[in-house]
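Written out below as structure tokens is the structure these notes cover.
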Amino acid sequence: MICLGIESTAHTLGIGIIDNKKIIANEKKMLFGKGIHPRKTADHHACVFDEILTAALNKAEVSLKDIDRVAFSQGPGIGPCLRVSSVGARAIGLMYDKPVFGVNHCVAHIEISKFMTGLKDPLIVYVSGGNTQIIVREGIHYSVLGETLDIGIGNMLDNFAREINENGAREIELLAKSGKEYVQLPYSVKGMDMTFTGLQTDAIKKINRIRKEDLCFSLQETAYSMICEAAERALALTKKRSVVVCGGVAQNKRLQEMLKTMADDWKCKFGVAANEFNADNGAMIAYVGSIMKKEKRLAIKNCIPIQKYRTDQFTF
């Protein structure tokens, strides 16, 4: 079965194609800049849609007539951006009489990471711009054991980066490597839940008073330690034998290192997918669309965004 997946939840328009669980195309284009302007980003996605679709079809050496299913990122995400993938999926579904499936963006990150690592039933640490969650799968849906109570860790890092005139979390990671001294910052874990706004606010207040590299180092160490504490508590509760980290922030090497150390202490396997699949991409949407039950096909009128689509609301 060939499934085409369209991703457009935030700054990236991605189109991927899966053929019997083999990724045969994964093309994308991202709008770079400090922060995301919803309308400008949606306009970007609409403008490059044909280009990326054509590139994906050419890479896979298939036509739209060959596609068996179309999947799109239904949410969560930025409203105007989400509409690009939903409109694209509706158009292809109508023009070529193809079944259309709505995919939860968070679940797509999880499933592609499990597929890539080969870990079937892990504790999932999902860290991205808008989300930070500790998750396990139960039957046909996921359960959230803990999560951020305010903002996602990616948003926190990006917000701080802009305050020091950097583009985002990747620049913080680079600066943190040159950090030498840890600076005390607010640390807030409530059971398996976390909050990041206090950490962000205090770090911003220390700008120009603390060396930038030390501040980035301290911000990372504090935030990632919070995630590791919540994850370790969940590991003790669930007795899982493996841990997977996924989402955009999962590309951070320091976070990977800390979570692997925690997993090793518990004699658990640790897995993380290649950066290509932790960054937003169409292949992860196509993958989930390909494994969904055919009964989950959406009527064309129901191919609409769900801006606040929780991980635990999606079922296979």
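Residue names in the structure tokens use chain letters A, B, ... in the order shown, residue numbers from 1 in each chain, and ligand numbers from 1 in the order shown.
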Quick one: everything within 12 Å of Glu295 of chain A, counting only C-alpha atoms, minus sequence neighbours fewer than 3 positions away in the same chain. Send it as a PyMOL selection string. chain A and resi 99-102+289+291-292+298-299+315-316
DSSP-assigned strand (DSSP E or B) among segment 105-230 of chain A, expressed as a PyMOL selection string: chain A and resi 123-127+132-138+141-148+189-190+193-194+207+210
Suppose you want the space between atom CA of Tyr126 of chain A and atom CA of Gly247 of chain A; what is it in Å?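 Spanning atom CA of Tyr126 of chain A to atom CA of Gly247 of chain A is a straight-line distance of 5.7 Å.
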Nearest residue to Lys120 of chain A out of A:Leu64, A:Val249, A:Val243, A:Val189, using only C-alpha atoms?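 Of the candidates, the smallest distance to Lys120 of chain A is held by A:Val243.
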Polymer residues at most 7 Å from Asp150 of chain A, only C-alpha atoms, same-chain spacing of 3 or more positions, as a VMD selection string: chain A and resid 195 to 197
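Minimum atom-to-atom distance to Pro76 of chain A, evaluated using only C-alpha atoms, belongs to A:Val103 out of A:Leu94, A:Val103, A:Ala60, A:Leu237.
The spacing separating atom CA of Ser143 of chain A from atom CA of Asp312 of chain A amounts to 5.4 Å.
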Excluding segment 257-262 of chain A and residues on its chain fewer than 3 positions from it, collect all residues at most 8 Å away from it, counting only C-alpha atoms, and give them as a PyMOL selection string. chain A and resi 224-225+228+232+253-254+265-266+270
Can you list, as a ChimeraX atom specification, every protein, DNA or RNA residue that comes within 9 Å of Glu213 of chain A when you count only C-alpha atoms, leaving out same-chain residues fewer than 3 positions away? /A:172,174-181,210,216-218
If we count only C-alpha atoms, what is near Asn131 of chain A at a cut-off of 10 Å, once residues fewer than 2 positions away on the same chain are taken out, given as a PyMOL selection string? chain A and resi 76+106+126-129+133+147-155+247-249+310-311
Once you have the residues from the selection above, write them out as a compact mmCIF listing (two decimals), in the first residue's frame, restricted to N, CA, C and O atoms.
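Saved the output as selection-v3.txt:
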```txt
# COMPACT_ATOMS: atom_id res chain seq x y z
N PRO A 76 -2.13 18.67 16.59
CA PRO A 76 -2.28 20.08 16.93
C PRO A 76 -1.31 20.94 16.12
O PRO A 76 -0.35 20.43 15.55
N CYS A 106 1.52 14.67 16.96
CA CYS A 106 2.32 14.12 18.06
C CYS A 106 2.48 12.61 17.92
O CYS A 106 3.58 12.07 18.09
N TYR A 126 8.21 12.91 24.70
CA TYR A 126 7.91 13.71 23.52
C TYR A 126 8.19 15.18 23.82
O TYR A 126 7.56 15.78 24.70
N VAL A 127 9.17 15.74 23.11
CA VAL A 127 9.60 17.11 23.37
C VAL A 127 9.63 17.89 22.06
O VAL A 127 10.36 17.56 21.14
N SER A 128 8.81 18.92 21.97
CA SER A 128 8.74 19.71 20.74
C SER A 128 8.46 21.17 21.08
O SER A 128 8.46 21.55 22.25
N GLY A 129 8.19 21.96 20.05
CA GLY A 129 7.91 23.37 20.28
C GLY A 129 6.70 23.59 21.16
O GLY A 129 6.76 24.30 22.17
N GLN A 133 5.64 15.98 26.78
CA GLN A 133 4.78 14.97 27.39
C GLN A 133 5.55 13.67 27.66
O GLN A 133 6.44 13.30 26.90
N GLU A 147 3.04 16.06 31.71
CA GLU A 147 3.21 17.02 30.61
C GLU A 147 3.51 18.40 31.14
O GLU A 147 3.40 18.66 32.34
N THR A 148 3.87 19.31 30.24
CA THR A 148 4.04 20.69 30.64
C THR A 148 2.70 21.28 31.05
O THR A 148 1.67 21.01 30.42
N LEU A 149 2.72 22.08 32.09
CA LEU A 149 1.50 22.74 32.54
C LEU A 149 1.39 24.15 31.98
O LEU A 149 0.40 24.83 32.23
N ASP A 150 2.41 24.59 31.23
CA ASP A 150 2.31 25.92 30.62
C ASP A 150 2.75 25.89 29.16
O ASP A 150 1.92 25.74 28.28
N ILE A 151 4.04 25.98 28.87
CA ILE A 151 4.49 26.01 27.48
C ILE A 151 5.40 24.81 27.21
O ILE A 151 6.00 24.25 28.12
N GLY A 152 5.51 24.45 25.93
CA GLY A 152 6.40 23.38 25.54
C GLY A 152 7.85 23.80 25.69
O GLY A 152 8.19 24.98 25.60
N ILE A 153 8.73 22.83 25.88
CA ILE A 153 10.14 23.14 26.09
C ILE A 153 10.75 23.81 24.86
O ILE A 153 11.60 24.70 24.97
N GLY A 154 10.30 23.43 23.66
CA GLY A 154 10.82 24.05 22.45
C GLY A 154 10.48 25.52 22.38
O GLY A 154 11.31 26.36 22.00
N ASN A 155 9.25 25.87 22.75
CA ASN A 155 8.85 27.28 22.77
C ASN A 155 9.67 28.06 23.79
O ASN A 155 10.06 29.21 23.55
N GLY A 247 10.40 14.13 18.72
CA GLY A 247 10.00 15.52 18.58
C GLY A 247 11.20 16.39 18.23
O GLY A 247 12.35 15.94 18.29
N GLY A 248 10.93 17.63 17.89
CA GLY A 248 11.98 18.52 17.43
C GLY A 248 13.14 18.69 18.39
O GLY A 248 14.30 18.70 17.99
N VAL A 249 12.86 18.82 19.69
CA VAL A 249 13.90 19.03 20.69
C VAL A 249 14.71 17.76 20.93
O VAL A 249 15.81 17.80 21.48
N ARG A 310 -5.20 16.72 21.17
CA ARG A 310 -4.33 16.09 22.16
C ARG A 310 -3.88 14.70 21.70
O ARG A 310 -4.60 13.98 21.01
N THR A 311 -2.70 14.34 22.17
CA THR A 311 -2.14 13.02 21.86
C THR A 311 -3.09 11.91 22.29
O THR A 311 -3.27 10.92 21.57
```
I need the alpha helix (DSSP H) residues of segment 29-180 of chain A per DSSP on the backbone, written as a ChimeraX atom specification. /A:38-60,79-96,105-117,153-163,169-176
Mind checking which residues fall within 9 Å of segment 83-93 of chain A, counting only C-alpha atoms, ignoring those fewer than 3 positions away in the same chain, and posting them as an mmCIF file with N, CA, C and O atoms, in the first residue's frame?
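Ended up saving to part.cif:
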```cif
data_model
loop_
_atom_site.group_PDB
_atom_site.id
_atom_site.type_symbol
_atom_site.label_atom_id
_atom_site.label_comp_id
_atom_site.auth_asym_id
_atom_site.auth_seq_id
_atom_site.Cartn_x
_atom_site.Cartn_y
_atom_site.Cartn_z
ATOM 1 N N GLY A 5 1.739 11.423 2.719
ATOM 2 C CA GLY A 5 1.474 12.185 3.935
ATOM 3 C C GLY A 5 1.869 13.642 3.795
ATOM 4 O O GLY A 5 2.917 13.956 3.220
ATOM 5 N N ILE A 6 1.030 14.530 4.307
ATOM 6 C CA ILE A 6 1.270 15.972 4.215
ATOM 7 C C ILE A 6 1.363 16.553 5.616
ATOM 8 O O ILE A 6 0.441 16.388 6.431
ATOM 9 N N GLU A 7 2.454 17.231 5.895
ATOM 10 C CA GLU A 7 2.709 17.855 7.199
ATOM 11 C C GLU A 7 2.789 19.363 7.059
ATOM 12 O O GLU A 7 3.546 19.879 6.223
ATOM 13 N N SER A 8 2.003 20.096 7.870
ATOM 14 C CA SER A 8 2.072 21.569 7.818
ATOM 15 C C SER A 8 1.613 22.200 9.125
ATOM 16 O O SER A 8 0.898 23.187 9.130
ATOM 17 N N THR A 9 2.035 21.615 10.254
ATOM 18 C CA THR A 9 1.545 22.118 11.541
ATOM 19 C C THR A 9 2.167 23.450 11.949
ATOM 20 O O THR A 9 1.555 24.223 12.673
ATOM 21 N N LEU A 13 6.592 22.702 5.580
ATOM 22 C CA LEU A 13 5.682 21.988 4.684
ATOM 23 C C LEU A 13 6.439 20.748 4.228
ATOM 24 O O LEU A 13 7.484 20.840 3.581
ATOM 25 N N ALA A 42 1.667 30.172 6.529
ATOM 26 C CA ALA A 42 0.664 29.449 5.734
ATOM 27 C C ALA A 42 0.792 29.816 4.254
ATOM 28 O O ALA A 42 0.682 28.943 3.376
ATOM 29 N N ASP A 43 1.025 31.095 3.975
ATOM 30 C CA ASP A 43 1.208 31.529 2.584
ATOM 31 C C ASP A 43 2.429 30.849 1.969
ATOM 32 O O ASP A 43 2.416 30.446 0.796
ATOM 33 N N HIS A 45 3.668 27.909 2.799
ATOM 34 C CA HIS A 45 3.338 26.503 2.545
ATOM 35 C C HIS A 45 2.492 26.351 1.278
ATOM 36 O O HIS A 45 2.703 25.434 0.483
ATOM 37 N N ALA A 46 1.525 27.251 1.106
ATOM 38 C CA ALA A 46 0.667 27.191 -0.081
ATOM 39 C C ALA A 46 1.481 27.447 -1.354
ATOM 40 O O ALA A 46 1.266 26.781 -2.377
ATOM 41 N N PHE A 49 3.694 24.338 -2.163
ATOM 42 C CA PHE A 49 3.023 23.030 -2.110
ATOM 43 C C PHE A 49 3.264 22.224 -3.388
ATOM 44 O O PHE A 49 3.661 21.051 -3.330
ATOM 45 N N LEU A 64 0.127 10.535 -8.641
ATOM 46 C CA LEU A 64 -0.979 10.586 -7.683
ATOM 47 C C LEU A 64 -1.991 9.471 -7.938
ATOM 48 O O LEU A 64 -2.677 9.019 -7.018
ATOM 49 N N ARG A 69 -3.643 5.878 -0.402
ATOM 50 C CA ARG A 69 -4.205 6.664 0.700
ATOM 51 C C ARG A 69 -3.524 8.027 0.751
ATOM 52 O O ARG A 69 -2.366 8.160 0.378
ATOM 53 N N VAL A 70 -4.256 8.999 1.277
ATOM 54 C CA VAL A 70 -3.694 10.328 1.554
ATOM 55 C C VAL A 70 -3.893 10.608 3.038
ATOM 56 O O VAL A 70 -5.000 10.431 3.561
ATOM 57 N N ALA A 71 -2.838 11.017 3.729
ATOM 58 C CA ALA A 71 -2.924 11.379 5.142
ATOM 59 C C ALA A 71 -2.436 12.808 5.321
ATOM 60 O O ALA A 71 -1.559 13.268 4.582
ATOM 61 N N PHE A 72 -2.993 13.497 6.287
ATOM 62 C CA PHE A 72 -2.572 14.876 6.545
ATOM 63 C C PHE A 72 -2.486 15.138 8.039
ATOM 64 O O PHE A 72 -3.152 14.468 8.838
ATOM 65 N N SER A 73 -1.639 16.078 8.416
ATOM 66 C CA SER A 73 -1.504 16.456 9.824
ATOM 67 C C SER A 73 -2.735 17.267 10.219
ATOM 68 O O SER A 73 -2.871 18.419 9.833
ATOM 69 N N GLN A 74 -3.607 16.646 11.009
ATOM 70 C CA GLN A 74 -4.868 17.291 11.371
ATOM 71 C C GLN A 74 -4.717 18.214 12.571
ATOM 72 O O GLN A 74 -5.527 19.107 12.784
ATOM 73 N N ILE A 78 -0.694 25.265 14.303
ATOM 74 C CA ILE A 78 -1.120 26.633 14.028
ATOM 75 C C ILE A 78 -2.225 26.603 12.975
ATOM 76 O O ILE A 78 -2.034 26.048 11.885
ATOM 77 N N GLY A 79 -3.377 27.184 13.282
ATOM 78 C CA GLY A 79 -4.565 27.092 12.443
ATOM 79 C C GLY A 79 -4.342 27.333 10.954
ATOM 80 O O GLY A 79 -4.643 26.454 10.130
ATOM 81 N N PRO A 80 -3.849 28.492 10.546
ATOM 82 C CA PRO A 80 -3.659 28.761 9.117
ATOM 83 C C PRO A 80 -2.713 27.758 8.443
ATOM 84 O O PRO A 80 -2.914 27.387 7.288
ATOM 85 N N TYR A 96 -8.734 12.409 -7.247
ATOM 86 C CA TYR A 96 -8.279 11.068 -7.609
ATOM 87 C C TYR A 96 -9.050 9.958 -6.893
ATOM 88 O O TYR A 96 -8.677 8.791 -6.970
ATOM 89 N N ASP A 97 -10.125 10.338 -6.188
ATOM 90 C CA ASP A 97 -10.970 9.381 -5.478
ATOM 91 C C ASP A 97 -10.150 8.496 -4.539
ATOM 92 O O ASP A 97 -10.209 7.267 -4.580
ATOM 93 N N LYS A 98 -9.377 9.139 -3.674
ATOM 94 C CA LYS A 98 -8.523 8.433 -2.723
ATOM 95 C C LYS A 98 -9.050 8.634 -1.300
ATOM 96 O O LYS A 98 -9.535 9.717 -0.964
ATOM 97 N N PRO A 99 -8.964 7.605 -0.447
ATOM 98 C CA PRO A 99 -9.377 7.779 0.953
ATOM 99 C C PRO A 99 -8.414 8.709 1.694
ATOM 100 O O PRO A 99 -7.196 8.662 1.470
ATOM 101 N N VAL A 100 -8.973 9.549 2.566
ATOM 102 C CA VAL A 100 -8.170 10.534 3.292
ATOM 103 C C VAL A 100 -8.228 10.243 4.795
ATOM 104 O O VAL A 100 -9.299 9.957 5.340
ATOM 105 N N PHE A 101 -7.086 10.347 5.459
ATOM 106 C CA PHE A 101 -6.982 10.047 6.883
ATOM 107 C C PHE A 101 -6.340 11.221 7.620
ATOM 108 O O PHE A 101 -5.326 11.764 7.178
ATOM 109 N N GLY A 102 -6.940 11.599 8.735
ATOM 110 C CA GLY A 102 -6.396 12.675 9.566
ATOM 111 C C GLY A 102 -5.475 12.090 10.628
ATOM 112 O O GLY A 102 -5.854 11.152 11.338
ATOM 113 N N ILE A 300 -14.931 13.755 3.224
ATOM 114 C CA ILE A 300 -14.242 14.968 2.772
ATOM 115 C C ILE A 300 -14.627 16.184 3.611
ATOM 116 O O ILE A 300 -13.785 17.015 3.962
ATOM 117 N N LYS A 301 -15.895 16.284 3.989
ATOM 118 C CA LYS A 301 -16.342 17.439 4.778
ATOM 119 C C LYS A 301 -15.709 17.474 6.165
ATOM 120 O O LYS A 301 -15.689 18.521 6.829
ATOM 121 N N CYS A 303 -12.510 16.621 6.740
ATOM 122 C CA CYS A 303 -11.058 16.808 6.612
ATOM 123 C C CYS A 303 -10.705 18.243 6.987
ATOM 124 O O CYS A 303 -10.333 19.067 6.132
ATOM 125 N N ILE A 304 -10.831 18.537 8.261
ATOM 126 C CA ILE A 304 -10.611 19.891 8.757
ATOM 127 C C ILE A 304 -9.614 19.862 9.910
ATOM 128 O O ILE A 304 -9.456 18.840 10.587
ATOM 129 N N PRO A 305 -8.916 20.964 10.153
ATOM 130 C CA PRO A 305 -7.928 20.994 11.241
ATOM 131 C C PRO A 305 -8.573 20.887 12.616
ATOM 132 O O PRO A 305 -9.704 21.336 12.832
#
```
